[in-house]
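The file entry-v3.json contains JSON, C-alpha atoms:
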[["chain", "number", "residue", "atom", "x", "y", "z"],
["J", 1, "MET", "CA", -2.93, 93.10, -76.10],
["J", 2, "GLY", "CA", -2.93, 89.35, -76.70],
["J", 3, "VAL", "CA", -5.51, 87.34, -78.54],
["J", 4, "GLY", "CA", -8.62, 86.57, -76.50],
["J", 5, "PHE", "CA", -11.73, 84.46, -76.80],
["J", 6, "ILE", "CA", -14.14, 87.34, -76.17],
["J", 7, "ARG", "CA", -14.81, 88.95, -79.56],
["J", 8, "ASP", "CA", -17.40, 91.69, -79.13],
["J", 9, "LYS", "CA", -19.29, 93.90, -76.68],
["J", 10, "LEU", "CA", -22.23, 91.53, -76.48],
["J", 11, "GLU", "CA", -19.94, 88.79, -75.14],
["J", 12, "ILE", "CA", -18.47, 91.26, -72.64],
["J", 13, "LYS", "CA", -21.99, 92.00, -71.43],
["J", 14, "PHE", "CA", -22.72, 88.28, -71.15],
["J", 15, "LEU", "CA", -19.53, 87.88, -69.10],
["J", 16, "ILE", "CA", -20.40, 90.77, -66.77],
["J", 17, "LEU", "CA", -23.86, 89.31, -66.17],
["J", 18, "TYR", "CA", -22.34, 85.85, -65.65],
["J", 19, "ILE", "CA", -20.08, 87.30, -62.97],
["J", 20, "ALA", "CA", -22.77, 89.42, -61.29],
["J", 21, "ALA", "CA", -25.05, 86.37, -61.06],
["J", 22, "ARG", "CA", -22.42, 84.33, -59.21],
["J", 23, "VAL", "CA", -20.75, 86.65, -56.73],
["J", 24, "SER", "CA", -21.99, 86.54, -53.15],
["J", 25, "GLU", "CA", -22.62, 90.30, -52.92],
["J", 26, "PRO", "CA", -22.70, 93.33, -55.23],
["J", 27, "LEU", "CA", -19.26, 94.25, -56.56],
["J", 28, "PRO", "CA", -17.40, 97.54, -56.40],
["J", 29, "LEU", "CA", -16.12, 98.83, -59.74],
["J", 30, "ASP", "CA", -12.59, 97.54, -59.18],
["J", 31, "GLY", "CA", -13.86, 94.07, -58.23],
["J", 32, "MET", "CA", -16.09, 93.91, -61.31],
["J", 33, "GLN", "CA", -13.21, 95.08, -63.48],
["J", 34, "GLU", "CA", -10.79, 92.57, -61.99],
["J", 35, "LEU", "CA", -13.15, 89.65, -62.56],
["J", 36, "THR", "CA", -14.19, 90.78, -66.05],
["J", 37, "MET", "CA", -10.71, 91.48, -67.42],
["J", 38, "CYS", "CA", -9.87, 87.76, -67.43],
["J", 39, "ASP", "CA", -9.56, 87.54, -71.21],
["J", 40, "ASP", "CA", -7.14, 89.32, -73.55],
["J", 41, "GLY", "CA", -10.02, 90.21, -75.86],
["J", 42, "ILE", "CA", -11.39, 92.74, -73.36],
["J", 43, "ASP", "CA", -10.05, 96.25, -72.95],
["J", 44, "TYR", "CA", -10.95, 98.70, -70.19],
["J", 45, "PHE", "CA", -12.91, 101.11, -72.38],
["J", 46, "GLU", "CA", -15.15, 98.40, -73.81],
["J", 47, "PHE", "CA", -15.64, 97.00, -70.31],
["J", 48, "SER", "CA", -16.66, 100.43, -68.96],
["J", 49, "GLU", "CA", -19.08, 101.02, -71.83],
["J", 50, "CYS", "CA", -20.69, 97.60, -71.43],
["J", 51, "LEU", "CA", -21.01, 98.00, -67.66],
["J", 52, "ASN", "CA", -22.73, 101.36, -68.08],
["J", 53, "ASP", "CA", -25.04, 99.93, -70.76],
["J", 54, "LEU", "CA", -26.09, 97.12, -68.42],
["J", 55, "VAL", "CA", -26.99, 99.66, -65.74],
["J", 56, "LYS", "CA", -28.94, 101.79, -68.25],
["J", 57, "THR", "CA", -30.89, 98.75, -69.47],
["J", 58, "GLU", "CA", -31.57, 97.70, -65.85],
["J", 59, "HIS", "CA", -29.71, 94.40, -66.06],
["J", 60, "LEU", "CA", -27.51, 95.69, -63.23],
["J", 61, "ARG", "CA", -28.23, 98.19, -60.50],
["J", 62, "LEU", "CA", -25.76, 100.59, -58.99],
["J", 63, "THR", "CA", -26.15, 100.72, -55.21],
["J", 64, "GLU", "CA", -25.81, 103.87, -53.13],
["J", 65, "ASP", "CA", -22.29, 102.84, -52.11],
["J", 66, "GLY", "CA", -21.17, 102.35, -55.73],
["J", 67, "ARG", "CA", -21.51, 98.58, -56.05],
["J", 68, "TYR", "CA", -22.94, 96.68, -59.01],
["J", 69, "GLY", "CA", -25.61, 94.07, -58.32],
["J", 70, "ILE", "CA", -27.62, 91.98, -60.71],
["J", 71, "THR", "CA", -31.34, 92.58, -61.16],
["J", 72, "THR", "CA", -34.05, 90.00, -61.85],
["J", 73, "LYS", "CA", -33.94, 90.98, -65.52],
["J", 74, "GLY", "CA", -30.16, 90.57, -65.56],
["J", 75, "LEU", "CA", -30.34, 87.20, -63.84],
["J", 76, "ARG", "CA", -32.89, 85.92, -66.32],
["J", 77, "ASN", "CA", -30.82, 87.07, -69.31],
["J", 78, "SER", "CA", -27.61, 85.74, -67.78],
["J", 79, "GLU", "CA", -29.11, 82.26, -67.52],
["J", 80, "ILE", "CA", -30.20, 82.41, -71.15],
["J", 81, "CYS", "CA", -26.88, 83.69, -72.49],
["J", 82, "GLU", "CA", -24.23, 82.01, -70.35],
["J", 83, "SER", "CA", -23.75, 79.13, -72.80],
["J", 84, "SER", "CA", -22.69, 81.71, -75.41],
["J", 85, "LEU", "CA", -19.51, 82.43, -73.46],
["J", 86, "PRO", "CA", -16.44, 80.47, -74.53],
["J", 87, "TYR", "CA", -15.90, 77.46, -72.25],
["J", 88, "SER", "CA", -12.34, 78.46, -71.34],
["J", 89, "VAL", "CA", -13.52, 81.91, -70.26],
["J", 90, "ARG", "CA", -16.28, 80.41, -68.10],
["J", 91, "ILE", "CA", -13.82, 78.02, -66.43],
["J", 92, "ARG", "CA", -11.33, 80.82, -65.69],
["J", 93, "THR", "CA", -14.13, 83.10, -64.48],
["J", 94, "ASP", "CA", -15.60, 80.41, -62.21],
["J", 95, "LYS", "CA", -12.19, 79.94, -60.60],
["J", 96, "ASN", "CA", -11.78, 83.70, -60.08],
["J", 97, "ILE", "CA", -15.31, 84.07, -58.70],
["J", 98, "ALA", "CA", -14.76, 81.22, -56.24],
["J", 99, "ALA", "CA", -11.61, 82.93, -54.95],
["J", 100, "TYR", "CA", -13.42, 86.28, -54.73],
["J", 101, "ASN", "CA", -16.38, 84.78, -52.86],
["J", 102, "LYS", "CA", -13.97, 83.07, -50.47],
["J", 103, "MET", "CA", -12.27, 86.40, -49.79],
["J", 104, "ILE", "CA", -15.66, 88.07, -49.15],
["J", 105, "LEU", "CA", -16.70, 85.29, -46.76],
["J", 106, "ARG", "CA", -13.42, 85.61, -44.88],
["J", 107, "ARG", "CA", -13.79, 89.39, -44.67],
["J", 108, "ASN", "CA", -17.27, 88.97, -43.18],
["J", 109, "GLN", "CA", -16.14, 86.31, -40.71],
["J", 110, "VAL", "CA", -13.01, 88.07, -39.45],
["J", 111, "GLN", "CA", -13.38, 91.71, -38.53],
["J", 112, "SER", "CA", -11.48, 94.23, -36.48],
["J", 113, "ARG", "CA", -11.96, 97.85, -35.61],
["J", 114, "VAL", "CA", -9.85, 100.49, -33.90],
["J", 115, "LEU", "CA", -11.56, 103.19, -31.83],
["J", 116, "GLN", "CA", -10.01, 106.09, -29.96],
["J", 117, "ARG", "CA", -11.18, 106.64, -26.39],
["J", 118, "GLU", "CA", -11.73, 110.00, -24.73],
["J", 119, "ASN", "CA", -8.64, 109.54, -22.55],
["J", 120, "GLY", "CA", -6.34, 109.15, -25.59],
["J", 121, "THR", "CA", -5.99, 105.36, -25.47],
["J", 122, "PHE", "CA", -7.44, 103.03, -28.07],
["J", 123, "THR", "CA", -9.83, 100.10, -28.12],
["J", 124, "VAL", "CA", -9.31, 97.23, -30.52],
["J", 125, "GLU", "CA", -12.46, 95.26, -31.29],
["J", 126, "LEU", "CA", -11.84, 91.77, -32.67],
["J", 127, "LEU", "CA", -14.70, 89.69, -34.02],
["J", 128, "LEU", "CA", -14.70, 86.11, -35.30],
["J", 129, "ARG", "CA", -17.87, 84.62, -36.78],
["J", 130, "ASP", "CA", -18.84, 81.34, -38.33],
["J", 131, "ASP", "CA", -21.64, 80.86, -40.86],
["J", 132, "VAL", "CA", -24.30, 81.18, -38.16],
["J", 133, "ASP", "CA", -23.23, 83.41, -35.30],
["J", 134, "SER", "CA", -20.45, 85.17, -33.45],
["J", 135, "VAL", "CA", -17.74, 82.82, -32.17],
["J", 136, "MET", "CA", -15.69, 85.44, -30.35],
["J", 137, "LYS", "CA", -15.88, 89.15, -29.63],
["J", 138, "LEU", "CA", -12.99, 90.71, -27.79],
["J", 139, "GLU", "CA", -12.25, 94.31, -26.83],
["J", 140, "LEU", "CA", -8.76, 95.29, -25.74],
["J", 141, "MET", "CA", -7.48, 98.63, -24.52],
["J", 142, "VAL", "CA", -4.02, 99.63, -25.76],
["J", 143, "ALA", "CA", -1.93, 102.74, -25.33],
["J", 144, "THR", "CA", -1.29, 103.75, -28.94],
["J", 145, "GLU", "CA", -3.00, 103.63, -32.30],
["J", 146, "GLU", "CA", 0.03, 101.84, -33.74],
["J", 147, "MET", "CA", -0.39, 99.03, -31.21],
["J", 148, "ALA", "CA", -4.10, 98.86, -31.91],
["J", 149, "ARG", "CA", -3.62, 98.57, -35.68],
["J", 150, "ASP", "CA", -0.87, 95.98, -35.21],
["J", 151, "LEU", "CA", -3.14, 93.81, -33.03],
["J", 152, "ALA", "CA", -5.99, 94.16, -35.53],
["J", 153, "ASP", "CA", -3.70, 93.10, -38.40],
["J", 154, "ARG", "CA", -2.28, 90.14, -36.46],
["J", 155, "PHE", "CA", -5.77, 88.98, -35.58],
["J", 156, "LYS", "CA", -6.92, 89.11, -39.20],
["J", 157, "LYS", "CA", -3.98, 86.94, -40.30],
["J", 158, "ASN", "CA", -4.79, 84.03, -37.99],
["J", 159, "PRO", "CA", -7.92, 84.43, -35.85],
["J", 160, "GLU", "CA", -8.44, 80.70, -35.36],
["J", 161, "GLN", "CA", -5.06, 80.33, -33.69],
["J", 162, "MET", "CA", -5.82, 83.26, -31.37],
["J", 163, "TYR", "CA", -9.20, 81.74, -30.49],
["J", 164, "GLY", "CA", -7.56, 78.38, -29.75],
["J", 165, "ARG", "CA", -4.87, 79.96, -27.58],
["J", 166, "MET", "CA", -7.47, 81.91, -25.60],
["J", 167, "LEU", "CA", -9.46, 78.75, -24.93],
["J", 168, "GLN", "CA", -6.28, 76.97, -23.91],
["J", 169, "ALA", "CA", -5.33, 79.82, -21.55],
["J", 170, "LEU", "CA", -8.82, 79.95, -20.02],
["J", 171, "TYR", "CA", -9.11, 76.19, -19.56],
["J", 172, "GLY", "CA", -5.56, 75.71, -18.36],
["J", 173, "ASP", "CA", -4.52, 72.09, -17.72],
["J", 174, "ARG", "CA", -8.00, 70.61, -17.46]]

Transcribe the structure of this file into structure tokens.
Amino acid sequence: MGVGFIRDKLEIKFLILYIAARVSEPLPLDGMQELTMCDDGIDYFEFSECLNDLVKTEHLRLTEDGRYGITTKGLRNSEICESSLPYSVRIRTDKNIAAYNKMILRRNQVQSRVLQRENGTFTVELLLRDDVDSVMKLELMVATEEMARDLADRFKKNPEQMYGRMLQALYGDR
């Protein structure tokens, strides 16, 4: 392990609270771990212990689906203690949180689902949202699950282009 700026368990707890206060939704364990392990001074076992302590002390809550969200108590203490974190760790963490929040927003805006029909074919549901409402909802019937999953994956990679092409096809040469 390299040399890190985080020196003790209290600072790890401050960092976990700092993260939980800034993410757009409660984090699964792997997401919390990924964002917290941004400094060489943190090892997995200390991280796990600190995370469990924060749940026990009601700074974090563990949701029914296994996600960690900050409580009012945790938010209050995070605001008090955030200046105790090393500046370089805060900067790196802010960058990682921004990327994570962007990924979450994208996941919520672009969705697809594959459903099997009674006759053995499949329906692919494609959904594109903006910050306010649904922009496009499309259901397609395809013959195989492989085709359905391929369409869903292609849609997720570039939904805006698909939306633009559909408008172009529907409007024609107007």

Item checked: Selection near J:Val142, 7 Å with only C-alpha atoms, sequence-local residues under 2 positions removed, as a ChimeraX atom specification -> /J:121-123,140,144,147-148

Notebook entry, point to check: Could you pull the residues within 10 Å of J:Gln111, counting only C-alpha atoms, minus those fewer than 6 positions along the same chain, as a ChimeraX atom specification?
Noted result: /J:125-129,137,152-153,155-156,159

Item checked: Spatial neighbours of J:Asn52, max dist 12 Å, all atoms listed in the file, sep filter under 5 positions, as a list in words ->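 What passes the distance filter is Lys9, Ile12, Lys13, Ile16, Leu29, Phe45, Glu46, Phe47, Thr57, Glu58, His59, Leu60, Arg61, Leu62 and Tyr68 of chain J.
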
Item checked: Point (-22.1, 90.3, -73.6) neighbourhood (9 Å, all atoms listed in the file) written as number ranges by chain -> J: 6, 8-17, 50, 81, 84-85

Notebook entry, point to check: Using all atoms listed in the file, which of J:Leu54, J:Asp130, J:Arg149, J:Thr72 sits nearest J:Leu105?
Noted result: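 Result for the nearest residue to J:Leu105: J:Asp130.
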
Next item on the list: Anything within 6 Å of (-13.0, 85.9, -72.6): list those residues as a list of chain:residue names, counting only C-alpha atoms and sticking to the file's coordinates.
Entry: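 Result, sorted by chain then residue number: J:Gly4, J:Phe5, J:Ile6, J:Asp39, J:Val89.
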
Next item on the list: Choose the residue, out of J:Glu79, J:Gly66, J:Thr71, J:Asp30, that has the smallest atom-to-atom separation from J:Tyr18; count only C-alpha atoms.
Entry: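 Counting only C-alpha atoms, the residue closest to J:Tyr18 is J:Glu79.
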
Checklist line | Distance of atom CA of J:Ala98 from atom CA of J:Pro26, expressed in Å to one decimal place | finding: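 Separation between atom CA of J:Pro26 and atom CA of J:Ala98: 14.5 Å.
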